[in-house]
Structures are given as structure tokens and as C-alpha cells.
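See below for the structure under consideration.
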Amino acid sequence: MSDQQKSLKQIMDFRLEKLDQLINNGINPYPVKFNSTHLSHEIIENFSEYEGKSVVIAGRIMVIRKMGKASFFQVMDSSGRIQIFIRRDDIGDASYSNFKLLDIGDFIGIEGEVFKTKTGEISIKTTVMTILAKSIRPLPVVKEKDGQYFDSFTDKEQRYRNRHLDLILNPQVRETFHKRTKIIREIRNFLDNKGFLEVETPILQPIYGGANARPFTTHHNALNQKLFLRIADELYLKRLIIGGIDRVYEMAKDFRNEGMDRNHNPEFTMLEFYWAYADYEDCMNLVEELFHQVAKKVGSHNLSWGDNHIDLSKKFHRKPFLEVLGEATGHNFDEFDEEKVSKICKEIGIELEENSNLGQMLDGLMSALVEPKLIEPTFIIDYPKVISPLAKTHRNGNPNIVERFELFIGGAEFANSFSELNDPIDQRKRLEDQVKLKDLGDEEAQPIDENFIQAMECGMPPTGGVGIGIDRLVMLLTGNRWIKDVILFPTLRPDKT
């Protein structure tokens with residue numbers, strides 16, 4: 001047993017002894033319920049209203065200074081912290097003795113009178129103390145002086161693995177997740193007010209589709225059937241469009257069996273919405289409006305993103321895919337020649353997997369040369385058909401281009417949209433082409449979903465569709481650069497300690 005483990009065991013054994021003492025003193029250290037009347041921030045922000053009045057609060061002890069006949073400690077509730085003054089003469093010998101058995105991390109209920117100390121700190125003078133939960137395992141040590149914190153719980157790996165400690169010890173983390181909830185609520189309000197209906201579609205699917213990604217697989221014992229965790233909810237939402245729900249959306253958990261990095265987690269939150277009788281230009285305008293409105297509602301249009309300043313109040317840029325790729329490489333991409341594009345990739349030094357197809361090469365060039373430089377909000381529009389199997393061929397007559405956009409901000413993708421393909425014959429052909437790519441080794445190519453094709457054969461109206469990465473939007477609006485900082489419980493490698 002290491003010294004650290006030995007020390008932890010000694011601390012926990014000591015706390016267990018205190019727990020036994022409380023029980024022997026007739027105290028139930030884990031009561032069922034406690035009724036509080038106020039939160040700490042209400043009292044602090046409205047001191048003149050509460051001064052001299054009795055209040056009841058509850059929370060976790062975060063700082064404690066035990067003295068002889070009187071002591072001070074801080075209680076943290078969901079809104080913040082407030083100082084508590086406790087004196088033996090006010091609560092009696094027995095209660096004060098029980099107080100001496102408390103530690104940082106314990107939950108406590110306090111009834112008392114609001115006042116200011118001689119140093120001007122708003123506090124509560126205890127008249128009744130109720131023990132609500134005894135903490136057996138100690139919190140990480142965080143030192144505080146004059147409102148500044150030292151030796152904070154900042155190790156990212158430990159924070160992600162112990163999110164409960166992260167939330168206790170790092171107030172800014174709680175603020176991030178409060179803001180995440182507000183962002184999602186504002187998105188829902190925006191779409192609801194535009195006449196969109198929120199729905200739920202299956203997470204377990206017999207055929208995965210709607211995106212190019214490797215799925216997670218599972219097995220249903222009763223059906224003896226292989227199932228997949230969805231990589232997208234697109235094909236189910238389109239069936240609802242076919243069924244007559246003209247505006248539909250889902251805030252969905254999607255799962256993709258892929259690598260993890262700054263912008264990717266295998267389990268993530270995606271917003272998808274579909275809009276009958278609209279096209280990708282309508283969707284572009286709606287996405288821009290949504291970003292403007294949500295940013296305004298939850299904070300500010302002016303954001304810091306690394307070393308960059310981003311203004312979400314301005315009109316977003318719009319640039320064609322082939323135009324920006326031509327500017328970045330110095331080559332003309334009007335004709336899609338796989339051999340030519342492969343040569344360009346080799347000249348520039350783009351690393352591609354063996355037997356990469358044309359779509360993967362174009363995507364690789366875009367990802368390496370263009371996307372990192374798209375700092376201000378920019379719609380890249382009019383994509384090659386070879387990397388967009390579910391989008392409608394462009395109305396300009398170019399058979400190799402589709403009506404699609406992706407939104408980039410700060411060098412990262414935030415949204416993807418199509419004028420959706422609604423020709424079932426064309427759709428079947430393109431999915432058959434995807435199957436050929438899969439047979440050639442492309443593990444992210446899509447299979448054919450016969451049920452979806454059959455639904456489309458019943459007739460699907462012209463439709464615009466959009467997918468927005470919610471986790472990335474939260475990153476942007478909260479100033480976090482890692483996706484794990486905006487997911488409460490991100491996927492992690494096994495802990496080898």
C-alpha cells in the first residue's frame with residue numbers, strides 16, 4: 001500500500017469513527033428530507049431585504065475553521081457559497097459537540113439569522129443545525145485565500161473521470177453545463193416557434209445510415225438479430241417528411257465508432273431538422289438566424305476562440321467548395337479526375353489510406369488546406385456529388401455538384417445541410433455506389449436501407465435538411481476548446497492506475 005493510499009485509508013477510518021460517534025449521540029447522519037427556504041445567492045444579492053431575518057439553507061461544507069466556543073465555515077449550495085457562524089451558546093453543548101465531528105464535504109442544514117461580520121462579510125448566525133450527510137471520502141485539497149484558489153483540481157484526466165469532484169471544486173464547470181442546458185432550450189424554442197415538431201427516432205437500428213461513419217454493433221438476444229447504434233437519425237426523419245410532417249427535428253444522441261480528438265467523442269449530441277418544400281438556401285438562412293439568436297440569448301455575439309475573435313452578429317460568408325479548394329491548391333477542379341487529384345494529394349503531402357477513393361481525396365485536401373483557415377463563420381457550398389450521396393444534384397445543371405453546405409467557425413465544422421435527394425431511383429443508384437465503395441474497403445460507406453427506399457418510392461416532397469453538432473456549438477458559446485469539457489461524462493480510455 002502506497003503512502004498516499006495509506007493516508008487516504010487513515011482519513012477515511014477517522015471519518016468512520018466520527019460517523020459512529022454521531023450515531024452513538026443519537027444523530028441520524030443520513031436523514032430522508034430537509035426543507036430549505038433560500039439559496040445562498042438570494043441572500044447575498046438581497047442582503048438589505050434579509051438582514052436580521054431567519055432563513056434556512058442547505059449545502060456542502062467547503063471551508064471550516066473550528067475554534068473553541070465559536071467557529072466559521074462556508075456552505076456551498078447550487079447557487080454559490082455563504083459563510084456560516086456557529087456558536088456553542090446559541091445551539092447548545094450537544095449540538096456544538098456534534099458540529100466538531102463534521103468535516104469538509106459533509107452536507108448540513110442551517111437555520112439562522114442573516115447578518116454582516118465586522119469585516120463586512122454576509123453571513124448566517126446559526127440557531128439550529130441539522131446534519132444531512134456525512135462524507136466518508138475526503139475531497140481533493142483546494143486552498144483558498146482572499147477569494148483566490150490554489151492547488152485546484154485541474155488535472156483534465158482526473159476531472160473527466162471524477163466529474164462529481166470537478167463540479168464540486170470548479171464553479172466554472174457548473175456554469176458551462178448550466179449554459180449547455182440553456183443553449184439546448186433556446187434551440188428548441190427557436191425551432192418550435194418556426195413550426196417544427198420535435199420527435200424521437202430509434203437508437204437501435206437494423207440498418208445504419210444517414211452518414212459516412214463506422215457504427216457500433218450489438219445483438220438482440222430475443223430476436224437473435226444484429227443491431228447498430230445509430231450514426232444519424234436522417235433516414236427516419238425523412239420518413240416522417242414522407243408521412244406528412246412537414247417540419248420535424250430531433251435532438252439526438254448519435255454514436256460513431258471512430259477516433260477521439262479535440263472535436264470528436266464516440267457518443268455525441270446532434271440536432272437534425274428537415275423542412276418540406278425548402279432547399280439548402282432556405283436552410284442556410286435559418287441556420288444563420290438560429291446561431292445569431294442563440295448566441296444573443298445565452299451570452300454575446302462576440303466570442304473568443306483560442307487566439308481568434310469571432311463575431312456571430314455579422315452575416316456569414318458563403319464560398320463554393322471547388323473555388324476555395326482551387327485557391328488553396330493552385331489547381332482547377334472543374335473536372336473530377338481521380339488520377340489528377342491523387343497526384344495533387346501526393347504533391348502537397350496529404351496522408352491518405354491506401355486505396356483511397358476520389359471522395360476521400362477531395363475531403364482530405366479540404367480538411368488539411370481549407371477548413372483550419374475558416375475562422376469567421378463561413379458556409380462552404382456546392383459540394384462534389386462523390387462525397388454527398390444523399391444530396392440533390394445542383395440545379396445549375398452540373399451533374400458532379402450537389403446542393404450542400406457545411407458551416408465552419410474557428411476552423412471546425414458546425415453544420416451540414418443538403419437540398420435532400422428525393423428521387424428514389426437516383427437514391428438507390430447512389431447507395432449502390434456506396435456499397436461498391438464498401439466492398440473496396442471503405443469502412444465508412446453506407447449500406448442500402450430498403451425500407452427507406454420503399455418509403456421514398458411513395459413520394460417525398462422537395463426538402464431541406466440540416467445537421468448541427470450541439471457539443472461543438474456549446475464549445476463555441478462557452479469558450480471551451482475540447483469536446484470533453486462540454487460533455488458531462490465523455491468516453492475515456494481505461495484507467496490503468
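Note on naming: chains are A, B, ... as they come in the C-alpha cells, residues start from 1 per chain, ligands start from 1 in the order shown.
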
| said: I'd like the contact shell of Ile122 (chain A) - 12 Å cut-off, only C-alpha atoms, skipping same-chain residues fewer than 2 positions apart - returned as a VMD selection string. | reply: chain A and resid 40 to 48 50 to 52 74 81 to 85 113 to 120 124 to 125

*Compile the contact shell of region 479-492 of chain A as JSON, numbers by chain: residues with an atom at most 8 Å away, counting only C-alpha atoms, same-chain residues fewer than 6 positions apart removed.*
{"A": [160, 161, 163, 176, 177, 180, 262, 263, 264, 265, 266, 267, 303, 304, 305, 306, 471, 472]}

(Q) Could you check the closest approach to Met366 (chain A) for each of A:Thr37, A:Ser95, A:Thr329, A:Gln427 and tell me which residue wins, using only C-alpha atoms? (A)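 Using only C-alpha atoms, Met366 (chain A) sits closest to A:Thr329.
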
| said: At a cut-off of 12 Å, using only C-alpha atoms, what residues contact Leu325 (chain A)? Leave out same-chain residues fewer than 2 positions from it and give the result as number ranges by chain. | reply: A: 319-323, 327-334, 341, 344-345, 361-371, 373, 380-384

Report as a PyMOL selection string all protein, DNA and RNA residues lying within 12 Å of region 187-190 of chain A, evaluated on only C-alpha atoms, omitting residues in the same chain fewer than 5 positions from it.
chain A and resi 180-182+195-199+248-251+270-273+286-287+289-298+468+470+473-474

Take the residues that were just selected and, keeping N, CA and C atoms, output them as an mmCIF file, in the first residue's frame.
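Wrote again.cif, looks like this:
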data_model
loop_
_atom_site.group_PDB
_atom_site.id
_atom_site.type_symbol
_atom_site.label_atom_id
_atom_site.label_comp_id
_atom_site.auth_asym_id
_atom_site.auth_seq_id
_atom_site.Cartn_x
_atom_site.Cartn_y
_atom_site.Cartn_z
ATOM 1 N N ARG A 180 -24.983 25.006 -21.162
ATOM 2 C CA ARG A 180 -25.315 23.996 -22.172
ATOM 3 C C ARG A 180 -26.829 23.747 -22.187
ATOM 4 N N THR A 181 -27.399 23.586 -21.006
ATOM 5 C CA THR A 181 -28.841 23.362 -20.922
ATOM 6 C C THR A 181 -29.615 24.537 -21.510
ATOM 7 N N LYS A 182 -29.152 25.739 -21.230
ATOM 8 C CA LYS A 182 -29.829 26.927 -21.751
ATOM 9 C C LYS A 182 -29.716 26.995 -23.273
ATOM 10 N N GLY A 195 -42.430 26.399 -36.126
ATOM 11 C CA GLY A 195 -43.404 25.396 -36.549
ATOM 12 C C GLY A 195 -42.848 24.000 -36.708
ATOM 13 N N PHE A 196 -41.638 23.728 -36.198
ATOM 14 C CA PHE A 196 -41.060 22.392 -36.279
ATOM 15 C C PHE A 196 -41.566 21.534 -35.118
ATOM 16 N N LEU A 197 -41.755 20.248 -35.376
ATOM 17 C CA LEU A 197 -42.226 19.294 -34.375
ATOM 18 C C LEU A 197 -41.052 18.451 -33.901
ATOM 19 N N GLU A 198 -40.833 18.405 -32.586
ATOM 20 C CA GLU A 198 -39.762 17.565 -32.041
ATOM 21 C C GLU A 198 -40.253 16.127 -31.915
ATOM 22 N N VAL A 199 -39.426 15.172 -32.356
ATOM 23 C CA VAL A 199 -39.784 13.749 -32.325
ATOM 24 C C VAL A 199 -38.611 12.939 -31.787
ATOM 25 N N VAL A 248 -39.813 18.912 -39.020
ATOM 26 C CA VAL A 248 -39.551 17.937 -37.969
ATOM 27 C C VAL A 248 -38.104 18.040 -37.519
ATOM 28 N N TYR A 249 -37.875 17.819 -36.219
ATOM 29 C CA TYR A 249 -36.493 17.831 -35.721
ATOM 30 C C TYR A 249 -36.329 16.862 -34.565
ATOM 31 N N GLU A 250 -35.075 16.499 -34.325
ATOM 32 C CA GLU A 250 -34.722 15.653 -33.178
ATOM 33 C C GLU A 250 -33.392 16.109 -32.611
ATOM 34 N N MET A 251 -33.337 16.198 -31.282
ATOM 35 C CA MET A 251 -32.087 16.430 -30.572
ATOM 36 C C MET A 251 -31.602 15.042 -30.174
ATOM 37 N N MET A 270 -26.473 15.469 -31.580
ATOM 38 C CA MET A 270 -26.670 16.065 -32.900
ATOM 39 C C MET A 270 -28.105 16.554 -33.037
ATOM 40 N N LEU A 271 -28.254 17.764 -33.541
ATOM 41 C CA LEU A 271 -29.565 18.264 -33.936
ATOM 42 C C LEU A 271 -29.728 18.027 -35.428
ATOM 43 N N GLU A 272 -30.826 17.381 -35.815
ATOM 44 C CA GLU A 272 -31.171 17.289 -37.233
ATOM 45 C C GLU A 272 -32.595 17.806 -37.410
ATOM 46 N N PHE A 273 -32.787 18.651 -38.425
ATOM 47 C CA PHE A 273 -34.151 19.065 -38.758
ATOM 48 C C PHE A 273 -34.359 19.018 -40.261
ATOM 49 N N LEU A 286 -31.825 29.905 -42.308
ATOM 50 C CA LEU A 286 -32.379 29.543 -40.999
ATOM 51 C C LEU A 286 -31.274 29.228 -39.998
ATOM 52 N N VAL A 287 -30.217 28.528 -40.435
ATOM 53 C CA VAL A 287 -29.095 28.213 -39.546
ATOM 54 C C VAL A 287 -28.407 29.491 -39.078
ATOM 55 N N GLU A 289 -29.736 32.441 -38.813
ATOM 56 C CA GLU A 289 -30.644 33.092 -37.862
ATOM 57 C C GLU A 289 -30.606 32.389 -36.507
ATOM 58 N N LEU A 290 -30.580 31.062 -36.525
ATOM 59 C CA LEU A 290 -30.531 30.304 -35.274
ATOM 60 C C LEU A 290 -29.271 30.635 -34.478
ATOM 61 N N PHE A 291 -28.112 30.644 -35.145
ATOM 62 C CA PHE A 291 -26.847 30.949 -34.466
ATOM 63 C C PHE A 291 -26.874 32.362 -33.893
ATOM 64 N N HIS A 292 -27.377 33.316 -34.670
ATOM 65 C CA HIS A 292 -27.485 34.698 -34.189
ATOM 66 C C HIS A 292 -28.327 34.759 -32.914
ATOM 67 N N GLN A 293 -29.497 34.115 -32.964
ATOM 68 C CA GLN A 293 -30.451 34.235 -31.865
ATOM 69 C C GLN A 293 -29.967 33.515 -30.608
ATOM 70 N N VAL A 294 -29.450 32.299 -30.774
ATOM 71 C CA VAL A 294 -28.998 31.540 -29.599
ATOM 72 C C VAL A 294 -27.824 32.247 -28.923
ATOM 73 N N ALA A 295 -26.883 32.752 -29.725
ATOM 74 C CA ALA A 295 -25.741 33.471 -29.151
ATOM 75 C C ALA A 295 -26.213 34.684 -28.360
ATOM 76 N N LYS A 296 -27.185 35.405 -28.891
ATOM 77 C CA LYS A 296 -27.705 36.587 -28.210
ATOM 78 C C LYS A 296 -28.408 36.212 -26.911
ATOM 79 N N LYS A 297 -29.172 35.114 -26.938
ATOM 80 C CA LYS A 297 -29.962 34.722 -25.769
ATOM 81 C C LYS A 297 -29.094 34.202 -24.632
ATOM 82 N N VAL A 298 -27.999 33.516 -24.949
ATOM 83 C CA VAL A 298 -27.221 32.863 -23.889
ATOM 84 C C VAL A 298 -25.977 33.642 -23.486
ATOM 85 N N ILE A 468 -26.635 19.758 -37.029
ATOM 86 C CA ILE A 468 -25.787 20.685 -36.280
ATOM 87 C C ILE A 468 -25.192 19.944 -35.088
ATOM 88 N N ILE A 470 -24.246 19.749 -31.629
ATOM 89 C CA ILE A 470 -24.591 20.521 -30.438
ATOM 90 C C ILE A 470 -23.390 20.694 -29.516
ATOM 91 N N LEU A 473 -21.247 23.442 -30.790
ATOM 92 C CA LEU A 473 -21.870 24.753 -30.584
ATOM 93 C C LEU A 473 -21.719 25.187 -29.126
ATOM 94 N N VAL A 474 -21.881 24.244 -28.203
ATOM 95 C CA VAL A 474 -21.681 24.568 -26.787
ATOM 96 C C VAL A 474 -20.229 24.963 -26.535
#

| said: Report, in Å to a single decimal, how far apart CA of Ser135 (chain A) and CA of Ile168 (chain A) are. | reply: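 Atom-to-atom, CA of Ile168 (chain A) and CA of Ser135 (chain A) are spaced 13.2 Å apart.
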
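The two atoms in question, CA of Ile409 (chain A) and CA of Pro372 (chain A), are spaced 9.2 Å apart.
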
Among region 294-469 of chain A, which ones does DSSP place in strand (DSSP E), written as an NGL selection string?
:A and (302-305 or 308-311 or 317-320 or 378-384 or 401-409 or 412-419 or 463-469)

Could you write out the selected residues, including C-alpha atoms, as a PDB file, in the first residue's frame?
ATOM      1  CA  ASN A 302     -18.623  38.463 -29.576  1.00  0.00           C
ATOM      2  CA  LEU A 303     -16.638  35.348 -28.729  1.00  0.00           C
ATOM      3  CA  SER A 304     -13.031  34.435 -28.048  1.00  0.00           C
ATOM      4  CA  TRP A 305     -11.929  31.191 -29.709  1.00  0.00           C
ATOM      5  CA  ASN A 308      -9.225  34.476 -32.526  1.00  0.00           C
ATOM      6  CA  HIS A 309     -12.134  36.852 -32.075  1.00  0.00           C
ATOM      7  CA  ILE A 310     -15.397  35.716 -33.666  1.00  0.00           C
ATOM      8  CA  ASP A 311     -18.409  37.941 -34.248  1.00  0.00           C
ATOM      9  CA  HIS A 317     -19.554  34.235 -45.570  1.00  0.00           C
ATOM     10  CA  ARG A 318     -20.556  31.894 -48.438  1.00  0.00           C
ATOM     11  CA  LYS A 319     -17.914  30.251 -50.643  1.00  0.00           C
ATOM     12  CA  PRO A 320     -18.135  27.382 -53.185  1.00  0.00           C
ATOM     13  CA  THR A 378     -18.346  30.595 -43.357  1.00  0.00           C
ATOM     14  CA  PHE A 379     -20.719  28.429 -45.375  1.00  0.00           C
ATOM     15  CA  ILE A 380     -18.824  26.231 -47.822  1.00  0.00           C
ATOM     16  CA  ILE A 381     -21.407  25.465 -50.515  1.00  0.00           C
ATOM     17  CA  ASP A 382     -21.935  23.269 -53.597  1.00  0.00           C
ATOM     18  CA  TYR A 383     -20.050  20.057 -52.800  1.00  0.00           C
ATOM     19  CA  PRO A 384     -18.904  17.274 -55.142  1.00  0.00           C
ATOM     20  CA  ILE A 401     -22.122  19.002 -57.939  1.00  0.00           C
ATOM     21  CA  VAL A 402     -24.841  18.819 -55.287  1.00  0.00           C
ATOM     22  CA  GLU A 403     -26.737  21.439 -53.314  1.00  0.00           C
ATOM     23  CA  ARG A 404     -24.984  21.114 -49.974  1.00  0.00           C
ATOM     24  CA  PHE A 405     -23.344  23.391 -47.451  1.00  0.00           C
ATOM     25  CA  GLU A 406     -21.208  22.974 -44.359  1.00  0.00           C
ATOM     26  CA  LEU A 407     -20.765  25.732 -41.776  1.00  0.00           C
ATOM     27  CA  PHE A 408     -17.275  26.319 -40.395  1.00  0.00           C
ATOM     28  CA  ILE A 409     -16.337  28.543 -37.458  1.00  0.00           C
ATOM     29  CA  ALA A 412     -14.191  23.461 -37.141  1.00  0.00           C
ATOM     30  CA  GLU A 413     -17.369  22.161 -38.779  1.00  0.00           C
ATOM     31  CA  PHE A 414     -20.630  23.102 -37.050  1.00  0.00           C
ATOM     32  CA  ALA A 415     -23.407  22.252 -39.510  1.00  0.00           C
ATOM     33  CA  ASN A 416     -24.088  20.178 -42.601  1.00  0.00           C
ATOM     34  CA  SER A 417     -27.049  20.609 -44.950  1.00  0.00           C
ATOM     35  CA  PHE A 418     -28.498  19.388 -48.246  1.00  0.00           C
ATOM     36  CA  SER A 419     -31.256  20.058 -50.649  1.00  0.00           C
ATOM     37  CA  THR A 463     -36.921  19.016 -48.662  1.00  0.00           C
ATOM     38  CA  GLY A 464     -34.076  20.856 -46.981  1.00  0.00           C
ATOM     39  CA  GLY A 465     -32.247  19.091 -44.171  1.00  0.00           C
ATOM     40  CA  VAL A 466     -29.674  20.227 -41.597  1.00  0.00           C
ATOM     41  CA  GLY A 467     -27.447  18.582 -39.005  1.00  0.00           C
ATOM     42  CA  ILE A 468     -25.787  20.685 -36.280  1.00  0.00           C
ATOM     43  CA  GLY A 469     -23.200  19.394 -33.795  1.00  0.00           C
TER      44      GLY A 469
END

- Secondary structure check, helix (DSSP H, G or I) residues of region 140-376 of chain A, as a PyMOL selection string: chain A and resi 156-161+163-169+171-193+234-242+280-298+321-329+338-348+358-373

Taking 4 positions as the minimum chain separation for residues in the same chain, which residues sit within 7 Å of Asn257 (chain A) when counting only C-alpha atoms? Answer as a list in words.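 After dropping sequence-adjacent residues, the list is Arg214, Pro215, Phe216 and Pro266 of chain A.
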
query = Quick one: residues within 12 Å of Asp20 (chain A), only C-alpha atoms counted, chain neighbours fewer than 5 positions away excluded, as a PyMOL selection string?
reply = chain A and resi 13-15+25-29+98+101+134+136
